[in-house]
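model-v4.cif (mmCIF, C-alpha atoms (C1' of nucleotides)) appears below.
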```
data_data
loop_
_atom_site.label_atom_id
_atom_site.label_comp_id
_atom_site.auth_asym_id
_atom_site.auth_seq_id
_atom_site.Cartn_x
_atom_site.Cartn_y
_atom_site.Cartn_z
CA MET H 1 0.30 -18.83 -23.07
CA GLU H 2 2.02 -20.57 -25.91
CA LYS H 3 0.02 -23.72 -26.38
CA MET H 4 -3.16 -21.77 -26.85
CA ARG H 5 -5.73 -22.71 -29.38
CA ALA H 6 -5.48 -20.77 -32.59
CA ASP H 7 -8.75 -18.88 -32.13
CA ALA H 8 -7.81 -18.05 -28.56
CA ARG H 9 -4.55 -16.49 -29.66
CA ARG H 10 -6.35 -14.60 -32.40
CA ASN H 11 -8.94 -13.25 -30.00
CA ARG H 12 -6.34 -12.27 -27.48
CA ALA H 13 -4.62 -10.18 -30.12
CA LYS H 14 -7.90 -8.60 -31.18
CA VAL H 15 -8.69 -7.70 -27.59
CA LEU H 16 -5.29 -6.16 -27.07
CA ALA H 17 -5.57 -4.11 -30.24
CA ALA H 18 -9.06 -2.92 -29.38
CA ALA H 19 -8.02 -2.09 -25.82
CA GLU H 20 -5.05 -0.13 -27.07
CA GLU H 21 -7.26 1.97 -29.28
CA ALA H 22 -10.07 2.44 -26.80
CA PHE H 23 -7.85 3.20 -23.81
CA ALA H 24 -5.80 5.60 -25.90
CA ALA H 25 -8.93 7.52 -26.77
CA ASP H 26 -10.72 7.61 -23.42
CA GLY H 27 -8.37 6.26 -20.79
CA LEU H 28 -9.32 3.87 -18.05
CA ALA H 29 -12.84 5.29 -18.10
CA VAL H 30 -13.82 3.38 -21.23
CA PRO H 31 -16.37 0.63 -20.42
CA LEU H 32 -15.06 -2.85 -20.89
CA ASP H 33 -18.06 -3.76 -23.03
CA ASP H 34 -16.97 -1.16 -25.54
CA ILE H 35 -13.58 -2.80 -25.83
CA ALA H 36 -15.22 -6.19 -26.30
CA ARG H 37 -17.53 -4.85 -28.99
CA LEU H 38 -14.67 -3.06 -30.73
CA ALA H 39 -12.76 -6.33 -30.72
CA GLY H 40 -15.78 -8.19 -32.08
CA VAL H 41 -15.81 -10.41 -29.03
CA GLY H 42 -17.96 -11.12 -26.00
CA ALA H 43 -17.17 -9.71 -22.61
CA GLY H 44 -16.52 -13.19 -21.28
CA THR H 45 -13.74 -13.67 -23.78
CA VAL H 46 -11.94 -10.61 -22.50
CA TYR H 47 -12.04 -12.06 -19.02
CA ARG H 48 -10.71 -15.37 -20.18
CA HIS H 49 -7.53 -13.63 -21.26
CA PHE H 50 -7.21 -10.94 -18.60
CA PRO H 51 -8.30 -11.31 -14.99
CA SER H 52 -9.64 -7.79 -14.78
CA LYS H 53 -10.04 -4.58 -16.69
CA GLU H 54 -7.15 -3.16 -14.72
CA ALA H 55 -4.91 -6.01 -15.81
CA LEU H 56 -5.80 -5.44 -19.44
CA PHE H 57 -5.06 -1.77 -18.99
CA GLN H 58 -1.63 -2.51 -17.59
CA ALA H 59 -0.86 -4.97 -20.35
CA VAL H 60 -1.58 -2.26 -22.88
CA VAL H 61 0.22 0.48 -21.06
CA LEU H 62 3.34 -1.24 -19.82
CA GLU H 63 4.51 -1.93 -23.32
CA ARG H 64 4.25 1.73 -24.18
CA ILE H 65 5.97 2.85 -20.99
CA GLU H 66 8.79 0.49 -21.77
CA GLN H 67 9.18 2.23 -25.12
CA PHE H 68 9.69 5.49 -23.27
CA ALA H 69 12.29 3.85 -21.07
CA GLU H 70 14.10 2.53 -24.12
CA GLU H 71 14.14 5.96 -25.66
CA ALA H 72 15.60 7.39 -22.49
CA ARG H 73 18.35 4.78 -22.36
CA ALA H 74 19.26 5.56 -25.94
CA LEU H 75 19.77 9.19 -24.96
CA ALA H 76 21.91 8.43 -21.93
CA THR H 77 25.12 8.80 -23.90
CA ALA H 78 24.16 11.91 -25.84
CA ASP H 79 26.71 14.66 -26.37
CA ASN H 80 24.72 17.39 -24.68
CA PRO H 81 23.01 16.01 -21.56
CA GLY H 82 21.05 19.19 -20.94
CA GLU H 83 19.53 19.30 -24.41
CA ALA H 84 18.97 15.57 -24.42
CA PHE H 85 17.11 15.72 -21.15
CA LEU H 86 14.88 18.63 -22.05
CA ASP H 87 14.10 17.26 -25.49
CA TYR H 88 13.15 13.98 -23.92
CA PHE H 89 11.01 15.69 -21.31
CA VAL H 90 9.10 17.58 -23.96
CA ARG H 91 8.74 14.59 -26.22
CA VAL H 92 7.37 12.37 -23.47
CA ILE H 93 4.78 14.96 -22.62
CA LYS H 94 3.82 15.45 -26.23
CA GLN H 95 3.49 11.73 -26.87
CA ALA H 96 1.65 11.01 -23.65
CA SER H 97 -0.78 13.85 -24.21
CA LEU H 98 -1.94 12.08 -27.37
CA ASN H 99 -2.80 8.95 -25.42
CA ARG H 100 -5.11 9.11 -22.46
CA ALA H 101 -4.13 5.63 -21.37
CA ILE H 102 -0.60 6.83 -20.74
CA CYS H 103 -1.87 9.93 -18.96
CA ASP H 104 -4.01 7.86 -16.64
CA ALA H 105 -1.21 5.41 -16.03
CA LEU H 106 1.35 8.07 -15.17
CA ALA H 107 -1.07 9.91 -12.94
CA GLU H 108 -1.92 6.70 -11.09
CA THR H 109 -1.27 7.50 -7.45
CA SER H 110 -2.91 4.73 -5.48
CA GLY H 111 -0.04 2.54 -6.56
CA HIS H 112 -2.07 -0.64 -6.76
CA ALA H 113 -1.11 -0.62 -10.40
CA PHE H 114 2.60 -0.33 -11.07
CA LYS H 115 3.81 -0.72 -7.55
CA ALA H 116 5.35 -4.13 -8.05
CA GLY H 117 8.39 -2.93 -9.93
CA ALA H 118 6.61 -2.38 -13.19
CA GLY H 119 7.52 0.95 -14.72
CA ASP H 120 10.65 1.13 -12.61
CA GLY H 121 12.75 0.80 -15.73
CA PHE H 122 11.17 3.98 -16.97
CA ARG H 123 11.85 5.77 -13.74
CA ALA H 124 15.45 4.62 -13.68
CA ALA H 125 15.97 5.66 -17.27
CA TYR H 126 14.76 9.22 -17.01
CA GLY H 127 16.37 9.48 -13.59
CA GLU H 128 19.70 8.80 -15.22
CA LEU H 129 19.00 11.39 -17.89
CA LEU H 130 18.15 13.90 -15.21
CA ARG H 131 21.28 13.17 -13.19
CA ARG H 132 23.54 13.67 -16.18
CA ALA H 133 21.84 16.93 -17.10
CA GLN H 134 22.26 18.13 -13.55
CA ALA H 135 25.90 17.09 -13.48
CA ALA H 136 26.43 19.05 -16.68
CA GLY H 137 25.05 22.11 -14.93
CA ALA H 138 22.09 22.42 -17.26
CA ILE H 139 19.27 21.57 -14.87
CA ARG H 140 18.57 22.81 -11.37
CA LYS H 141 19.70 20.42 -8.69
CA ASP H 142 16.83 20.63 -6.24
CA ILE H 143 14.66 18.07 -7.98
CA ASP H 144 14.86 14.30 -8.26
CA ALA H 145 13.30 11.62 -10.43
CA ASP H 146 10.06 11.55 -8.45
CA ASP H 147 9.72 15.31 -8.70
CA LEU H 148 10.16 14.98 -12.41
CA ARG H 149 7.39 12.48 -12.72
CA ALA H 150 5.13 14.80 -10.77
CA LEU H 151 6.00 17.60 -13.16
CA ILE H 152 5.19 15.38 -16.11
CA VAL H 153 1.82 14.60 -14.58
CA GLY H 154 1.28 18.30 -14.08
CA CYS H 155 2.18 19.14 -17.66
CA LEU H 156 -0.22 16.48 -18.87
CA ALA H 157 -2.95 18.08 -16.81
CA VAL H 158 -2.12 21.42 -18.39
CA GLU H 159 -2.23 19.92 -21.84
CA ARG H 160 -5.56 18.30 -21.12
CA TYR H 161 -7.00 21.54 -19.84
CA ALA H 162 -5.65 23.68 -22.65
CA PRO H 163 -4.89 21.38 -25.57
CA GLY H 164 -2.17 22.40 -27.96
CA SER H 165 -0.50 25.00 -25.81
CA GLU H 166 3.09 23.89 -26.01
CA HIS H 167 4.39 27.20 -24.78
CA LEU H 168 3.11 26.31 -21.33
CA VAL H 169 5.36 23.29 -21.26
CA ARG H 170 8.13 25.71 -22.14
CA VAL H 171 7.37 27.66 -18.99
CA VAL H 172 8.13 24.54 -17.00
CA VAL H 173 11.18 23.79 -19.10
CA ASP H 174 12.54 27.25 -18.45
CA GLY H 175 11.88 26.77 -14.76
CA LEU H 176 13.90 23.56 -14.84
CA ARG H 177 17.05 25.20 -16.19
CA ALA H 178 19.81 25.74 -13.72
CA SER H 179 19.80 29.46 -14.44
CA ALA H 180 16.35 29.75 -12.96
CA GLY H 181 15.99 29.19 -9.25
CA ASN H 182 18.93 27.18 -8.08
CA MET K 1 -35.72 31.80 -0.42
CA GLU K 2 -36.66 34.13 2.34
CA LYS K 3 -40.10 33.05 3.37
CA MET K 4 -38.98 29.53 4.00
CA ARG K 5 -40.13 27.53 6.92
CA ALA K 6 -37.73 27.58 9.83
CA ASP K 7 -36.81 23.90 9.56
CA ALA K 8 -36.31 24.26 5.84
CA ARG K 9 -33.84 27.08 6.31
CA ARG K 10 -32.09 25.09 9.02
CA ASN K 11 -31.81 22.02 6.83
CA ARG K 12 -30.56 24.04 3.91
CA ALA K 13 -27.75 25.36 6.04
CA LYS K 14 -26.93 21.89 7.32
CA VAL K 15 -26.78 20.55 3.77
CA LEU K 16 -24.52 23.37 2.65
CA ALA K 17 -22.19 22.83 5.57
CA ALA K 18 -22.05 19.08 5.02
CA ALA K 19 -21.51 19.51 1.31
CA GLU K 20 -18.71 21.95 1.93
CA GLU K 21 -16.94 19.48 4.16
CA ALA K 22 -17.56 16.41 2.00
CA PHE K 23 -16.70 18.06 -1.30
CA ALA K 24 -13.58 19.58 0.23
CA ALA K 25 -12.42 16.13 1.27
CA ASP K 26 -13.28 14.08 -1.81
CA GLY K 27 -14.33 16.46 -4.55
CA LEU K 28 -17.26 15.93 -6.85
CA ALA K 29 -16.81 12.17 -6.54
CA VAL K 30 -18.44 12.05 -3.12
CA PRO K 31 -21.84 10.30 -3.28
CA LEU K 32 -24.76 12.54 -2.57
CA ASP K 33 -26.09 10.10 0.00
CA ASP K 34 -22.96 10.67 2.03
CA ILE K 35 -23.62 14.38 2.10
CA ALA K 36 -27.20 13.77 3.15
CA ARG K 37 -26.14 11.44 5.94
CA LEU K 38 -23.44 13.85 7.08
CA ALA K 39 -26.07 16.57 7.21
CA GLY K 40 -28.43 14.31 9.16
CA VAL K 41 -30.99 14.60 6.41
CA GLY K 42 -32.67 12.46 3.76
CA ALA K 43 -31.60 12.52 0.14
CA GLY K 44 -34.94 13.97 -0.86
CA THR K 45 -34.34 16.98 1.32
CA VAL K 46 -31.12 17.76 -0.49
CA TYR K 47 -33.01 17.73 -3.77
CA ARG K 48 -35.69 20.00 -2.44
CA HIS K 49 -33.07 22.67 -1.94
CA PHE K 50 -30.80 22.02 -4.90
CA PRO K 51 -31.96 20.74 -8.28
CA SER K 52 -28.96 18.48 -8.74
CA LYS K 53 -25.71 17.41 -7.17
CA GLU K 54 -23.89 19.62 -9.64
CA ALA K 55 -25.90 22.64 -8.52
CA LEU K 56 -25.06 21.97 -4.91
CA PHE K 57 -21.41 21.65 -5.84
CA GLN K 58 -21.44 25.00 -7.56
CA ALA K 59 -23.22 26.66 -4.67
CA VAL K 60 -20.45 25.47 -2.39
CA VAL K 61 -17.61 26.29 -4.73
CA LEU K 62 -18.63 29.62 -6.19
CA GLU K 63 -18.49 31.29 -2.82
CA ARG K 64 -14.94 30.13 -2.35
CA ILE K 65 -13.88 31.16 -5.85
CA GLU K 66 -15.29 34.59 -5.21
CA GLN K 67 -13.04 34.83 -2.14
CA PHE K 68 -10.07 34.22 -4.39
CA ALA K 69 -11.27 36.94 -6.74
CA GLU K 70 -11.63 39.34 -3.84
CA GLU K 71 -8.12 38.61 -2.70
CA ALA K 72 -6.82 39.30 -6.19
CA ARG K 73 -8.63 42.62 -6.39
CA ALA K 74 -7.15 43.66 -3.06
CA LEU K 75 -3.67 43.07 -4.50
CA ALA K 76 -4.28 45.00 -7.70
CA THR K 77 -2.83 48.17 -6.24
CA ALA K 78 0.16 46.61 -4.54
CA ASP K 79 3.52 48.35 -4.65
CA ASN K 80 5.39 45.53 -6.34
CA PRO K 81 3.19 43.96 -9.03
CA GLY K 82 5.65 41.13 -9.72
CA GLU K 83 5.83 40.01 -6.12
CA ALA K 84 2.13 40.50 -5.62
CA PHE K 85 1.32 38.34 -8.60
CA LEU K 86 3.65 35.50 -7.71
CA ASP K 87 2.63 35.48 -4.07
CA TYR K 88 -0.97 35.31 -5.15
CA PHE K 89 -0.25 32.51 -7.61
CA VAL K 90 1.43 30.45 -4.92
CA ARG K 91 -1.21 31.15 -2.33
CA VAL K 92 -4.07 30.17 -4.62
CA ILE K 93 -2.38 26.88 -5.38
CA LYS K 94 -1.66 26.21 -1.75
CA GLN K 95 -5.21 26.97 -0.69
CA ALA K 96 -6.83 25.08 -3.53
CA SER K 97 -4.67 22.02 -2.96
CA LEU K 98 -6.22 21.70 0.49
CA ASN K 99 -9.70 21.54 -0.98
CA ARG K 100 -10.54 18.99 -3.62
CA ALA K 101 -13.76 20.75 -4.44
CA ILE K 102 -11.79 23.75 -5.65
CA CYS K 103 -9.41 21.53 -7.58
CA ASP K 104 -12.27 19.81 -9.37
CA ALA K 105 -13.97 23.11 -10.06
CA LEU K 106 -10.89 24.74 -11.53
CA ALA K 107 -10.08 21.70 -13.62
CA GLU K 108 -13.63 21.60 -14.96
CA THR K 109 -13.22 21.62 -18.72
CA SER K 110 -16.57 20.62 -20.15
CA GLY K 111 -17.79 24.06 -19.21
CA HIS K 112 -21.32 22.98 -18.38
CA ALA K 113 -20.56 24.28 -14.93
CA PHE K 114 -19.23 27.81 -14.81
CA LYS K 115 -19.79 28.72 -18.40
CA ALA K 116 -22.54 31.18 -17.73
CA GLY K 117 -20.33 33.94 -16.45
CA ALA K 118 -19.79 32.42 -13.04
CA GLY K 119 -16.17 32.57 -12.02
CA ASP K 120 -15.48 35.27 -14.54
CA GLY K 121 -14.81 37.68 -11.73
CA PHE K 122 -12.00 35.43 -10.61
CA ARG K 123 -10.56 35.28 -14.09
CA ALA K 124 -10.75 39.02 -14.53
CA ALA K 125 -9.10 39.60 -11.17
CA TYR K 126 -6.05 37.44 -11.65
CA GLY K 127 -5.87 38.57 -15.26
CA GLU K 128 -5.43 42.10 -14.04
CA LEU K 129 -2.75 41.01 -11.60
CA LEU K 130 -0.97 39.22 -14.40
CA ARG K 131 -1.16 42.19 -16.73
CA ARG K 132 0.35 44.54 -14.15
CA ALA K 133 3.14 42.13 -13.37
CA GLN K 134 3.91 41.82 -17.06
CA ALA K 135 3.84 45.59 -17.51
CA ALA K 136 6.30 45.88 -14.65
CA GLY K 137 8.62 43.53 -16.51
CA ALA K 138 8.47 40.86 -13.83
CA ILE K 139 6.58 38.15 -15.70
CA ARG K 140 7.10 36.77 -19.20
CA LYS K 141 4.74 38.24 -21.73
CA ASP K 142 3.84 35.18 -23.77
CA ILE K 143 1.08 34.00 -21.48
CA ASP K 144 -2.40 35.26 -20.82
CA ALA K 145 -5.07 34.71 -18.20
CA ASP K 146 -6.25 31.43 -19.69
CA ASP K 147 -2.71 30.11 -19.81
CA LEU K 148 -2.39 30.99 -16.18
CA ARG K 149 -5.46 29.06 -15.23
CA ALA K 150 -4.10 26.06 -17.09
CA LEU K 151 -0.87 26.36 -15.15
CA ILE K 152 -2.77 26.50 -11.89
CA VAL K 153 -4.62 23.34 -12.86
CA GLY K 154 -1.28 21.74 -13.67
CA CYS K 155 0.24 22.74 -10.37
CA LEU K 156 -2.75 21.32 -8.55
CA ALA K 157 -2.20 18.04 -10.38
CA VAL K 158 1.42 18.09 -9.29
CA GLU K 159 0.43 18.75 -5.71
CA ARG K 160 -2.09 15.94 -5.80
CA TYR K 161 0.45 13.53 -7.20
CA ALA K 162 3.23 14.52 -4.85
CA PRO K 163 1.63 16.20 -1.84
CA GLY K 164 3.63 18.77 0.05
CA SER K 165 6.27 19.44 -2.56
CA GLU K 166 6.16 23.21 -2.76
CA HIS K 167 9.50 23.41 -4.49
CA LEU K 168 7.84 22.08 -7.63
CA VAL K 169 5.52 25.04 -7.70
CA ARG K 170 8.67 27.13 -7.45
CA VAL K 171 9.91 25.53 -10.66
CA VAL K 172 6.85 26.90 -12.40
CA VAL K 173 7.20 30.25 -10.67
CA ASP K 174 10.78 30.53 -11.87
CA GLY K 175 9.63 29.65 -15.34
CA LEU K 176 7.10 32.45 -15.21
CA ARG K 177 9.66 35.16 -14.49
CA ALA K 178 10.55 37.40 -17.35
CA SER K 179 14.21 36.46 -17.04
CA ALA K 180 13.38 32.91 -18.09
CA GLY K 181 12.20 32.37 -21.62
CA ASN K 182 10.83 35.58 -22.95
"C1'" DG Y 1 -56.00 23.41 19.24
"C1'" DA Y 2 -56.99 22.35 14.63
"C1'" DC Y 3 -56.27 22.72 9.82
"C1'" DG Y 4 -53.85 23.47 5.42
"C1'" DA Y 5 -49.56 24.05 3.44
"C1'" DT Y 6 -44.96 22.93 3.41
"C1'" DA Y 7 -41.09 20.03 4.14
"C1'" DC Y 8 -39.07 15.60 5.46
"C1'" DG Y 9 -37.07 10.85 5.01
"C1'" DG Y 10 -35.79 6.99 2.87
"C1'" DA Y 11 -37.42 3.31 0.00
"C1'" DG Y 12 -37.33 2.62 -4.74
"C1'" DC Y 13 -36.39 3.38 -9.82
"C1'" DG Y 14 -33.35 3.61 -13.79
"C1'" DT Y 15 -28.82 3.31 -15.45
"C1'" DG Y 16 -24.15 1.99 -16.13
"C1'" DC Y 17 -20.42 -0.90 -15.24
"C1'" DG Y 18 -17.27 -4.76 -13.67
"C1'" DT Y 19 -17.52 -9.43 -13.34
"C1'" DT Y 20 -19.38 -14.25 -13.53
"C1'" DC Y 21 -21.79 -18.19 -15.40
"C1'" DC Y 22 -23.20 -21.52 -18.57
"C1'" DG Y 23 -25.20 -23.63 -22.83
"C1'" DG Y 24 -23.44 -23.90 -27.23
"C1'" DT Y 25 -19.48 -23.96 -30.55
"C1'" DT Y 26 -14.97 -24.79 -32.40
"C1'" DG Y 27 -10.26 -26.31 -32.61
"C1'" DT Y 28 -7.20 -30.27 -31.86
"C1'" DC Y 29 -5.51 -34.79 -31.85
"C1'" DA Y 30 -5.78 -39.63 -32.17
"C1'" DT B 1 -14.04 -38.49 -38.36
"C1'" DG B 2 -15.27 -38.69 -33.75
"C1'" DA B 3 -14.81 -37.14 -29.21
"C1'" DC B 4 -12.98 -34.37 -25.68
"C1'" DA B 5 -11.24 -30.27 -23.97
"C1'" DA B 6 -10.77 -25.56 -24.64
"C1'" DC B 7 -13.04 -21.58 -25.84
"C1'" DC B 8 -16.78 -18.38 -27.05
"C1'" DG B 9 -20.79 -15.05 -26.59
"C1'" DG B 10 -23.79 -12.58 -24.13
"C1'" DA B 11 -27.36 -12.87 -20.65
"C1'" DA B 12 -27.47 -12.13 -15.90
"C1'" DC B 13 -25.76 -10.67 -11.23
"C1'" DG B 14 -24.29 -7.35 -7.76
"C1'" DC B 15 -23.27 -2.95 -6.72
"C1'" DA B 16 -23.10 2.04 -6.67
"C1'" DC B 17 -25.06 6.24 -7.63
"C1'" DG B 18 -28.19 10.16 -9.19
"C1'" DC B 19 -32.65 11.20 -8.75
"C1'" DT B 20 -37.90 10.75 -7.75
"C1'" DC B 21 -42.05 9.67 -5.24
"C1'" DC B 22 -45.19 9.58 -1.63
"C1'" DG B 23 -46.87 8.59 3.04
"C1'" DT B 24 -45.85 10.97 7.18
"C1'" DA B 25 -44.36 14.64 10.26
"C1'" DT B 26 -43.78 19.45 11.22
"C1'" DC B 27 -44.58 24.37 10.87
"C1'" DG B 28 -47.29 28.56 10.62
"C1'" DT B 29 -51.75 30.56 11.16
"C1'" DC B 30 -56.48 31.59 12.74
#
```
So, in terms of structure tokens, how does the structure I just supplied come out?
Amino acid sequence: MEKMRADARRNRAKVLAAAEEAFAADGLAVPLDDIARLAGVGAGTVYRHFPSKEALFQAVVLERIEQFAEEARALATADNPGEAFLDYFVRVIKQASLNRAICDALAETSGHAFKAGAGDGFRAAYGELLRRAQAAGAIRKDIDADDLRALIVGCLAVERYAPGSEHLVRVVVDGLRASAGN
Amino acid sequence: MEKMRADARRNRAKVLAAAEEAFAADGLAVPLDDIARLAGVGAGTVYRHFPSKEALFQAVVLERIEQFAEEARALATADNPGEAFLDYFVRVIKQASLNRAICDALAETSGHAFKAGAGDGFRAAYGELLRRAQAAGAIRKDIDADDLRALIVGCLAVERYAPGSEHLVRVVVDGLRASAGN
DNA sequence: GACGATACGGAGCGTGCGTTCCGGTTGTCA
DNA sequence: TGACAACCGGAACGCACGCTCCGTATCGTC
């Protein structure tokens, strides 16, 4: 991984960049040949660097998910936990809706992808944000971190079905406030 | 359609029944050969009765959608428009979440399916329910019928990601109440 | 019962995609 | 600079699926 030949390292980077772009545009559905062509590389070269299309997808996506986790951790000490949480919730949805790779990754149910602890940092981070907002009395208490992820997936589906309708996310946000149900 | 041979009519019914079951279980993704086998019929026979897999899917799904529309029309004169609307909203989601064919049909974006007026009865029916509930001051006024459909699609995504979590639908329901945002 | 029309079944075609294989090329190091 | 190992490209394989084709079986009718 470090003592790679120069061209190998170069090609690996090109593949990653191409995959990032292609997956962002069309999600996991993009054919691997398209990624290879976009990278200016043969399909075999992709497989020399990544054991499968799925692995390449995860390599691209995990980095981005980790960015989300980082953002969440930075907000963990915010003055207003309720605001911080809701802003974060909305921002994640807005960002993810611009990137089909992230959508597909978050919606991944079968678990064969991020089961092995990957993405857990993300979960822990927004879970903490949620807990603080609930403790501050800003967010209803009958939901947990997993529920939240499900809601994010749902909002992404809404955004995909009716692009650019942020007021629908606001419906969910209003439903999350403590004043609503619970 | 009427002067069909007896076996043809029989096989058509068998195909429809099999398709209903298979699509309900796995949505549009189910291979057509599976439907044929389940119906005890060759693939060619399916194509004699339906020009394409998509057409068969619509034949199965439209009937069901029309049931939803009927239900909505029956509720249009209910005493409490707010309650009637929300109950209907929840019931549609609950029913649809048990049937992947319906989920796929409702989430259909590309429009090549129900564009030609099909399913418009459904839209009109729940639109009317929504309008009455809004007029009664029970539901926020910044959403329309299309928004509602998007929310249904979102709730179905939630239900698919986290099966059996009805309290998440309640989050959306609470967000829809007039007391929430608007 | 026999004949024409109609319908049936399932093998086969075309396509798209993930993955593998291998002859040729290129980087690296002595 | 020569030689070996690492690497590359892209043709080819296997598989799945939508759809078609055609020899055969079945139905309706006289």
I'd like the residues picked by the PyMOL selection byres ((chain K and resi 76) around 9) written out as number ranges by chain, using the chain letters and numbers from the file. K: 71-75, 77-78, 81, 84-85, 125-126, 128-129, 132
Translate the PyMOL selection byres ((chain K) within 7 of (chain H)), as applied to the file shown, into an explicit residue set as a list of chain:residue names.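 Selected by the PyMOL selection byres ((chain K) within 7 of (chain H)) here: K:Ala107, K:Thr109, K:Ala150, K:Leu151, K:Val153, K:Gly154, K:Cys155, K:Ala157, K:Val158, K:Tyr161, K:Ala162, K:Val171, K:Val172, K:Asp174, K:Gly175, K:Leu176, K:Ala180, K:Gly181.
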Figure out the distance between atom C1' of Y:DC3 and atom CA of K:Ala13, please, to one decimal in Å.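 Separation of atom CA of K:Ala13 and atom C1' of Y:DC3: 28.9 Å.
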Could you name the residues that touch B:DG10 at 12 Å or less, counting all atoms listed in the file, but leaving out those on the same chain fewer than 5 positions away, as number ranges by chain? H: 33, 36-37, 41-45; Y: 20-24
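Note on the selection: in this file the PyMOL selection byres ((chain Y and resi 8) around 12) comes out as Asp7, Ala8, Asn11, Gly40, Val41, Gly42, Ala43, Gly44, Thr45, Val46, Tyr47, Arg48 and His49 of chain K; DT6, DA7, DG9 and DG10 of chain Y; DC22, DG23, DT24, DA25, DT26 and DC27 of chain B.
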Proximity check chain B to chain K, 10 Å, nearest pairs one decimal Å, only C-alpha atoms (C1' of nucleotides), as a tab-separated table:
```
residue	atom	partner	partner_atom	distance
B:DA16	C1'	K:Pro31	CA	9.0
B:DC17	C1'	K:Pro31	CA	6.8
B:DG18	C1'	K:Leu32	CA	7.8
B:DC19	C1'	K:Ser52	CA	8.2
B:DT20	C1'	K:Gly44	CA	8.2
B:DC21	C1'	K:Gly44	CA	9.4
B:DT26	C1'	K:Asp7	CA	8.4
B:DC27	C1'	K:Arg5	CA	6.7
B:DG28	C1'	K:Arg5	CA	8.1
```
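Picture a line from atom CA of H:Glu166 to atom CA of H:Arg91; it runs 10.9 Å.
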Could I get the residues of chain Y with an atom no further than 12 Å from an atom of chain H, each paired with its nearest atom pair and that distance in Å to one decimal, using all atoms listed in the file, sorted by chain and residue number, as JSON lines?
```
{"residue": "Y:DG16", "atom": "C1'", "partner": "H:Pro31", "partner_atom": "CA", "distance": 9.0}
{"residue": "Y:DC17", "atom": "C1'", "partner": "H:Pro31", "partner_atom": "CA", "distance": 6.8}
{"residue": "Y:DG18", "atom": "C1'", "partner": "H:Leu32", "partner_atom": "CA", "distance": 7.8}
{"residue": "Y:DT19", "atom": "C1'", "partner": "H:Ser52", "partner_atom": "CA", "distance": 8.2}
{"residue": "Y:DT20", "atom": "C1'", "partner": "H:Gly44", "partner_atom": "CA", "distance": 8.3}
{"residue": "Y:DC21", "atom": "C1'", "partner": "H:Gly44", "partner_atom": "CA", "distance": 9.3}
{"residue": "Y:DC22", "atom": "C1'", "partner": "H:Gly44", "partner_atom": "CA", "distance": 11.0}
{"residue": "Y:DT25", "atom": "C1'", "partner": "H:Asp7", "partner_atom": "CA", "distance": 12.0}
{"residue": "Y:DT26", "atom": "C1'", "partner": "H:Asp7", "partner_atom": "CA", "distance": 8.6}
{"residue": "Y:DG27", "atom": "C1'", "partner": "H:Arg5", "partner_atom": "CA", "distance": 6.6}
{"residue": "Y:DT28", "atom": "C1'", "partner": "H:Arg5", "partner_atom": "CA", "distance": 8.1}
```
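Counting from atom CA of H:Asn80, the distance to atom CA of H:Glu66 is 23.4 Å.
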Starting from 6 Å padding per side, set up an axis-aligned box that covers all listed atoms of stretch 146-156 of chain K and hand over centre and edge lengths in Å, one decimal, as JSON.
```
{"center_x": -3.0, "center_y": 26.4, "center_z": -14.2, "size_x": 18.5, "size_y": 22.1, "size_z": 23.3}
```
Fewer than 5 positions away in the same chain doesn't count, so skip those; otherwise give me all residues within 8 Å of K:Val60, counting all atoms listed in the file, as number ranges by chain. K: 16, 19-20
Store the residues picked out above, limited to C-alpha atoms, as an mmCIF file, keeping the file's coordinate frame.
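Listed below is the output, result-v1.cif:
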```cif
data_model
loop_
_atom_site.group_PDB
_atom_site.id
_atom_site.type_symbol
_atom_site.label_atom_id
_atom_site.label_comp_id
_atom_site.auth_asym_id
_atom_site.auth_seq_id
_atom_site.Cartn_x
_atom_site.Cartn_y
_atom_site.Cartn_z
ATOM 1 C CA LEU K 16 -24.520 23.370 2.650
ATOM 2 C CA ALA K 19 -21.510 19.510 1.310
ATOM 3 C CA GLU K 20 -18.710 21.950 1.930
#
```
Where atoms are lacking, stretch 47-53 of chain H completed to N, CA and C atoms, as an mmCIF file, keeping the file's coordinate frame:
```
data_model
loop_
_atom_site.group_PDB
_atom_site.id
_atom_site.type_symbol
_atom_site.label_atom_id
_atom_site.label_comp_id
_atom_site.auth_asym_id
_atom_site.auth_seq_id
_atom_site.Cartn_x
_atom_site.Cartn_y
_atom_site.Cartn_z
ATOM 1 N N TYR H 47 -12.403 -11.606 -20.359
ATOM 2 C CA TYR H 47 -12.040 -12.060 -19.020
ATOM 3 C C TYR H 47 -11.347 -13.409 -19.018
ATOM 4 N N ARG H 48 -11.471 -14.138 -20.102
ATOM 5 C CA ARG H 48 -10.710 -15.370 -20.180
ATOM 6 C C ARG H 48 -9.222 -15.072 -20.342
ATOM 7 N N HIS H 49 -8.924 -13.952 -20.958
ATOM 8 C CA HIS H 49 -7.530 -13.630 -21.260
ATOM 9 C C HIS H 49 -6.893 -12.690 -20.245
ATOM 10 N N PHE H 50 -7.744 -11.888 -19.579
ATOM 11 C CA PHE H 50 -7.210 -10.940 -18.600
ATOM 12 C C PHE H 50 -8.109 -10.981 -17.373
ATOM 13 N N PRO H 51 -7.511 -11.110 -16.211
ATOM 14 C CA PRO H 51 -8.300 -11.310 -14.990
ATOM 15 C C PRO H 51 -9.191 -10.130 -14.650
ATOM 16 N N SER H 52 -8.832 -8.959 -15.099
ATOM 17 C CA SER H 52 -9.640 -7.790 -14.780
ATOM 18 C C SER H 52 -9.385 -6.706 -15.809
ATOM 19 N N LYS H 53 -10.219 -5.719 -15.809
ATOM 20 C CA LYS H 53 -10.040 -4.580 -16.690
ATOM 21 C C LYS H 53 -8.706 -3.900 -16.397
#
```
